[in-house]
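This is entry28.pdb. It holds PDB, C-alpha atoms.
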```pdb
ATOM      1  CA  MET A   6      97.962 100.008 132.056  1.00  0.00           C
ATOM      2  CA  ALA A   7      95.488 102.678 130.984  1.00  0.00           C
ATOM      3  CA  ALA A   8      94.602 103.006 127.335  1.00  0.00           C
ATOM      4  CA  GLY A   9      96.995 105.256 125.468  1.00  0.00           C
ATOM      5  CA  GLN A  10      99.818 104.866 128.028  1.00  0.00           C
ATOM      6  CA  GLY A  11     103.094 103.088 127.463  1.00  0.00           C
ATOM      7  CA  GLN A  12     102.636 102.184 123.794  1.00  0.00           C
ATOM      8  CA  PRO A  13     103.311 104.681 121.016  1.00  0.00           C
ATOM      9  CA  ASN A  14     100.444 105.259 118.669  1.00  0.00           C
ATOM     10  CA  GLN A  15     101.118 102.685 115.944  1.00  0.00           C
ATOM     11  CA  ARG A  16      98.652 104.305 113.545  1.00  0.00           C
ATOM     12  CA  SER A  17     100.373 107.735 113.546  1.00  0.00           C
ATOM     13  CA  HIS A  18     103.759 106.013 113.104  1.00  0.00           C
ATOM     14  CA  VAL A  19     102.504 104.134 110.010  1.00  0.00           C
ATOM     15  CA  SER A  20     100.839 107.263 108.637  1.00  0.00           C
ATOM     16  CA  ALA A  21     104.030 109.273 109.049  1.00  0.00           C
ATOM     17  CA  MET A  22     105.998 106.546 107.230  1.00  0.00           C
ATOM     18  CA  THR A  23     103.458 106.475 104.399  1.00  0.00           C
ATOM     19  CA  ILE A  24     103.488 110.257 104.045  1.00  0.00           C
ATOM     20  CA  ASN A  25     107.303 110.333 104.097  1.00  0.00           C
ATOM     21  CA  GLY A  26     107.387 107.554 101.489  1.00  0.00           C
ATOM     22  CA  GLN A  27     104.930 109.434  99.281  1.00  0.00           C
ATOM     23  CA  LYS A  28     107.006 112.609  99.570  1.00  0.00           C
ATOM     24  CA  LYS A  29     110.196 110.716  98.718  1.00  0.00           C
ATOM     25  CA  GLY A  30     108.409 109.071  95.766  1.00  0.00           C
ATOM     26  CA  ALA A  31     107.196 112.432  94.468  1.00  0.00           C
ATOM     27  CA  ARG A  32     110.698 113.868  94.900  1.00  0.00           C
ATOM     28  CA  GLY A  33     112.121 110.894  92.994  1.00  0.00           C
ATOM     29  CA  GLU A  34     109.625 111.393  90.153  1.00  0.00           C
ATOM     30  CA  ARG A  35     110.512 115.080  89.849  1.00  0.00           C
ATOM     31  CA  GLU A  36     114.210 114.221  89.994  1.00  0.00           C
ATOM     32  CA  PHE A  37     113.863 111.563  87.271  1.00  0.00           C
ATOM     33  CA  ALA A  38     111.801 113.886  85.042  1.00  0.00           C
ATOM     34  CA  SER A  39     114.595 116.448  85.398  1.00  0.00           C
ATOM     35  CA  PHE A  40     117.185 113.786  84.502  1.00  0.00           C
ATOM     36  CA  ILE A  41     115.246 112.879  81.326  1.00  0.00           C
ATOM     37  CA  ARG A  42     114.997 116.574  80.366  1.00  0.00           C
ATOM     38  CA  GLU A  43     118.770 116.904  80.843  1.00  0.00           C
ATOM     39  CA  GLN A  44     119.117 114.092  78.279  1.00  0.00           C
ATOM     40  CA  GLY A  45     117.204 116.213  75.748  1.00  0.00           C
ATOM     41  CA  TRP A  46     113.711 114.696  75.981  1.00  0.00           C
ATOM     42  CA  ASP A  47     110.466 116.286  77.122  1.00  0.00           C
ATOM     43  CA  ALA A  48     109.382 114.832  80.452  1.00  0.00           C
ATOM     44  CA  ILE A  49     106.801 115.703  83.070  1.00  0.00           C
ATOM     45  CA  ARG A  50     105.637 114.007  86.209  1.00  0.00           C
ATOM     46  CA  GLY A  51     102.598 111.857  85.406  1.00  0.00           C
ATOM     47  CA  CYS A  52      99.074 112.190  86.732  1.00  0.00           C
ATOM     48  CA  GLN A  53      99.183 111.102  90.349  1.00  0.00           C
ATOM     49  CA  ASN A  54      95.509 110.504  91.100  1.00  0.00           C
ATOM     50  CA  ALA A  55      95.851 106.949  92.421  1.00  0.00           C
ATOM     51  CA  GLY A  56      98.055 106.228  89.421  1.00  0.00           C
ATOM     52  CA  ARG A  57      95.267 106.788  86.865  1.00  0.00           C
ATOM     53  CA  ASP A  58      94.647 109.471  84.267  1.00  0.00           C
ATOM     54  CA  LYS A  59      91.242 111.077  83.599  1.00  0.00           C
ATOM     55  CA  SER A  60      90.123 108.156  81.422  1.00  0.00           C
ATOM     56  CA  GLY A  61      91.098 105.600  84.072  1.00  0.00           C
ATOM     57  CA  HIS A  62      94.220 104.316  82.325  1.00  0.00           C
ATOM     58  CA  ALA A  63      97.336 103.641  84.367  1.00  0.00           C
ATOM     59  CA  ALA A  64      99.481 106.782  84.377  1.00  0.00           C
ATOM     60  CA  PRO A  65     103.261 106.485  84.233  1.00  0.00           C
ATOM     61  CA  ASP A  66     105.215 108.138  87.035  1.00  0.00           C
ATOM     62  CA  VAL A  67     107.049 110.206  84.427  1.00  0.00           C
ATOM     63  CA  LEU A  68     105.538 110.933  81.018  1.00  0.00           C
ATOM     64  CA  CYS A  69     107.838 111.258  78.001  1.00  0.00           C
ATOM     65  CA  PRO A  70     105.642 111.857  74.942  1.00  0.00           C
ATOM     66  CA  ASP A  71     108.476 111.172  72.468  1.00  0.00           C
ATOM     67  CA  LEU A  72     109.522 107.847  73.997  1.00  0.00           C
ATOM     68  CA  PRO A  73     107.551 104.587  73.774  1.00  0.00           C
ATOM     69  CA  ILE A  74     108.344 103.822  77.409  1.00  0.00           C
ATOM     70  CA  HIS A  75     106.213 103.448  80.510  1.00  0.00           C
ATOM     71  CA  PHE A  76     108.428 104.610  83.388  1.00  0.00           C
ATOM     72  CA  GLU A  77     107.795 103.276  86.870  1.00  0.00           C
ATOM     73  CA  VAL A  78     110.038 105.401  89.106  1.00  0.00           C
ATOM     74  CA  LYS A  79     111.401 104.002  92.362  1.00  0.00           C
ATOM     75  CA  ARG A  80     113.540 106.104  94.695  1.00  0.00           C
ATOM     76  CA  VAL A  81     114.282 103.605  97.461  1.00  0.00           C
ATOM     77  CA  GLU A  82     117.288 101.939  99.041  1.00  0.00           C
ATOM     78  CA  LYS A  83     115.919  98.392  98.828  1.00  0.00           C
ATOM     79  CA  LEU A  84     114.002  97.664  95.636  1.00  0.00           C
ATOM     80  CA  GLN A  85     111.735  94.687  95.183  1.00  0.00           C
ATOM     81  CA  ILE A  86     112.771  94.268  91.551  1.00  0.00           C
ATOM     82  CA  ARG A  87     110.183  91.706  90.434  1.00  0.00           C
ATOM     83  CA  LYS A  88     107.343  93.566  92.133  1.00  0.00           C
ATOM     84  CA  ALA A  89     108.390  96.896  90.578  1.00  0.00           C
ATOM     85  CA  LEU A  90     108.820  95.383  87.103  1.00  0.00           C
ATOM     86  CA  SER A  91     105.475  93.578  87.381  1.00  0.00           C
ATOM     87  CA  GLN A  92     103.837  96.918  88.193  1.00  0.00           C
ATOM     88  CA  ALA A  93     105.466  98.568  85.160  1.00  0.00           C
ATOM     89  CA  ILE A  94     104.394  95.670  82.911  1.00  0.00           C
ATOM     90  CA  ALA A  95     100.815  95.750  84.198  1.00  0.00           C
ATOM     91  CA  ASP A  96     100.519  99.529  83.780  1.00  0.00           C
ATOM     92  CA  ALA A  97     102.192  99.886  80.358  1.00  0.00           C
ATOM     93  CA  GLU A  98      99.913 100.588  77.419  1.00  0.00           C
ATOM     94  CA  PRO A  99     100.213  98.491  74.229  1.00  0.00           C
ATOM     95  CA  GLY A 100     103.311  99.603  72.327  1.00  0.00           C
ATOM     96  CA  GLN A 101     105.068 100.907  75.451  1.00  0.00           C
ATOM     97  CA  VAL A 102     108.142  99.251  76.901  1.00  0.00           C
ATOM     98  CA  PRO A 103     107.814  98.892  80.671  1.00  0.00           C
ATOM     99  CA  VAL A 104     110.888 100.240  82.467  1.00  0.00           C
ATOM    100  CA  VAL A 105     111.618 100.679  86.146  1.00  0.00           C
ATOM    101  CA  ALA A 106     113.817 103.727  86.754  1.00  0.00           C
ATOM    102  CA  TRP A 107     115.514 103.226  90.118  1.00  0.00           C
ATOM    103  CA  ARG A 108     117.940 105.239  92.181  1.00  0.00           C
ATOM    104  CA  GLU A 109     119.375 104.731  95.635  1.00  0.00           C
ATOM    105  CA  ASN A 110     120.882 107.571  97.667  1.00  0.00           C
ATOM    106  CA  HIS A 111     124.235 108.721  96.280  1.00  0.00           C
ATOM    107  CA  SER A 112     123.877 106.551  93.149  1.00  0.00           C
ATOM    108  CA  ASP A 113     123.087 106.947  89.467  1.00  0.00           C
ATOM    109  CA  TRP A 114     119.726 106.121  87.920  1.00  0.00           C
ATOM    110  CA  VAL A 115     119.387 102.513  86.777  1.00  0.00           C
ATOM    111  CA  ALA A 116     116.932 101.128  84.215  1.00  0.00           C
ATOM    112  CA  ILE A 117     115.377  97.719  84.805  1.00  0.00           C
ATOM    113  CA  LEU A 118     113.573  96.069  81.926  1.00  0.00           C
ATOM    114  CA  LYS A 119     112.920  92.637  80.474  1.00  0.00           C
ATOM    115  CA  MET A 120     115.867  91.203  78.527  1.00  0.00           C
ATOM    116  CA  ASP A 121     113.661  90.797  75.423  1.00  0.00           C
ATOM    117  CA  ASP A 122     112.915  94.521  75.487  1.00  0.00           C
ATOM    118  CA  LEU A 123     116.606  95.374  75.913  1.00  0.00           C
ATOM    119  CA  MET A 124     117.536  93.141  72.967  1.00  0.00           C
ATOM    120  CA  ASN A 125     114.848  94.822  70.834  1.00  0.00           C
ATOM    121  CA  PHE A 126     116.344  98.240  71.700  1.00  0.00           C
ATOM    122  CA  VAL A 127     119.828  96.974  70.867  1.00  0.00           C
ATOM    123  CA  ARG A 128     118.620  95.466  67.596  1.00  0.00           C
ATOM    124  CA  GLU A 129     116.911  98.722  66.570  1.00  0.00           C
ATOM    125  CA  PHE A 130     120.002 100.720  67.526  1.00  0.00           C
ATOM    126  CA  VAL A 131     122.350  98.469  65.576  1.00  0.00           C
ATOM    127  CA  ILE A 132     120.095  98.496  62.510  1.00  0.00           C
ATOM    128  CA  SER A 133     119.726 102.285  62.619  1.00  0.00           C
ATOM    129  CA  THR A 134     123.476 102.879  62.955  1.00  0.00           C
ATOM    130  CA  GLN A 135     124.283 100.412  60.177  1.00  0.00           C
ATOM    131  CA  GLU A 136     121.932 102.269  57.838  1.00  0.00           C
ATOM    132  CA  LYS A 137     123.527 105.644  58.642  1.00  0.00           C
ATOM    133  CA  GLU A 138     127.208 104.745  58.808  1.00  0.00           C
ATOM    134  CA  PRO A 139     129.235 102.273  56.814  1.00  0.00           C
ATOM    135  CA  ALA A 140     130.764  99.513  58.883  1.00  0.00           C
ATOM    136  CA  PRO A 141     134.301 100.333  60.005  1.00  0.00           C
ATOM    137  CA  GLU A 142     137.042  98.636  58.026  1.00  0.00           C
ATOM    138  CA  ARG A 143     138.828  95.812  59.759  1.00  0.00           C
ATOM    139  CA  ALA A 144     142.343  96.619  60.824  1.00  0.00           C
ATOM    140  CA  ASP A 145     145.147  94.812  59.019  1.00  0.00           C
ATOM    141  CA  SER A 146     146.284  91.885  61.174  1.00  0.00           C
ATOM    142  CA  THR A 147     149.870  93.143  61.052  1.00  0.00           C
ATOM    143  CA  GLN A 148     148.846  96.300  62.950  1.00  0.00           C
ATOM    144  CA  ASN A 149     147.973  94.233  66.016  1.00  0.00           C
ATOM    145  CA  GLU A 150     151.233  92.313  66.311  1.00  0.00           C
ATOM    146  CA  GLY A 151     152.488  92.017  69.832  1.00  0.00           C
ATOM    147  CA  TYR A 152     149.019  91.996  71.412  1.00  0.00           C
TER     148      TYR A 152
END
```

Would you kindly transcribe this structure into structure tokens?
Amino acid sequence: MAAGQGQPNQRSHVSAMTINGQKKGARGEREFASFIREQGWDAIRGCQNAGRDKSGHAAPDVLCPDLPIHFEVKRVEKLQIRKALSQAIADAEPGQVPVVAWRENHSDWVAILKMDDLMNFVREFVISTQEKEPAPERADSTQNEGY
């Protein structure tokens, strides 16, 4: 068989997949930045020059200046969770919580983070709400009869 006959060009197929993946990733980053803005926070798509900013530091996919979070955005159907979280951990600056923001087609955004980081958020939330609001009074046990 003559060269170039019978077999599709594997290289152009891979390139097209890579380009489509990059476009979907960029779309996902814009979509997630919009989601964060809808929640009331400033958010912009991060510097996308090989994932680095001008000083060579790892750039988050979505930058939220008011949040101490490094967002690694994934807009895929099948997520390699450990690989994505490892990337977020490696790229996060000191003081930033590494979070993978993930969304499949026709689904809500999901946050993936280490359990220690989640518990720290919960602890801070509980402490801050306890300082602002008095604890609710316990209901009299007679009010719950029959349950």

* Please write the residues picked by the PyMOL selection byres ((chain A and resi 92) around 12) on this file as JSON, numbers by chain. => {"A": [56, 63, 64, 65, 66, 75, 76, 77, 78, 79, 85, 86, 87, 88, 89, 90, 91, 93, 94, 95, 96, 97, 103, 104, 105, 118]}

* So how far away is CA of Asp47 in chain A from CA of Pro70 in chain A, in Å? ->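 Result for CA of Pro70 in chain A versus CA of Asp47 in chain A: 6.9 Å, one decimal.
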
* To do: Quick one: everything within 7 Å of range 36-38 of chain A, counting only C-alpha atoms, minus sequence neighbours fewer than 2 positions away in the same chain. Send it as number ranges by chain.
  => A: 32-34, 40-42, 48-50, 67

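Closest to Lys119 in chain A among A:Gly45, A:Val102, A:Glu136, A:Gly30 is A:Val102, based on all atoms listed in the file.
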
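Here CA of Ser112 in chain A and CA of Lys28 in chain A stand 19.0 Å from one another.
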
* At what distance in Å, to one decimal, does CA of Asp71 in chain A lie from CA of Met120 in chain A? -> 22.1 Å

Please evaluate the PyMOL selection byres ((chain A and resi 109) around 8) against the structure above and give the resulting residues as an mmCIF file with C-alpha atoms, in the coordinates of the input.
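Final file, selection27.cif:
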```cif
data_model
loop_
_atom_site.group_PDB
_atom_site.id
_atom_site.type_symbol
_atom_site.label_atom_id
_atom_site.label_comp_id
_atom_site.auth_asym_id
_atom_site.auth_seq_id
_atom_site.Cartn_x
_atom_site.Cartn_y
_atom_site.Cartn_z
ATOM 1 C CA ARG A 80 113.540 106.104 94.695
ATOM 2 C CA VAL A 81 114.282 103.605 97.461
ATOM 3 C CA GLU A 82 117.288 101.939 99.041
ATOM 4 C CA LYS A 83 115.919 98.392 98.828
ATOM 5 C CA TRP A 107 115.514 103.226 90.118
ATOM 6 C CA ARG A 108 117.940 105.239 92.181
ATOM 7 C CA ASN A 110 120.882 107.571 97.667
ATOM 8 C CA HIS A 111 124.235 108.721 96.280
ATOM 9 C CA SER A 112 123.877 106.551 93.149
ATOM 10 C CA ASP A 113 123.087 106.947 89.467
ATOM 11 C CA TRP A 114 119.726 106.121 87.920
#
```

Just need the box for range 40-45 of chain A, edges along x, y and z, holding every atom the file lists for it with 8 Å tacked onto each side, so centre and edge lengths in Å to one decimal, as AutoDock Vina command-line options.
```
--center_x 117.1 --center_y 114.9 --center_z 80.1 --size_x 20.1 --size_y 20.0 --size_z 24.8
```
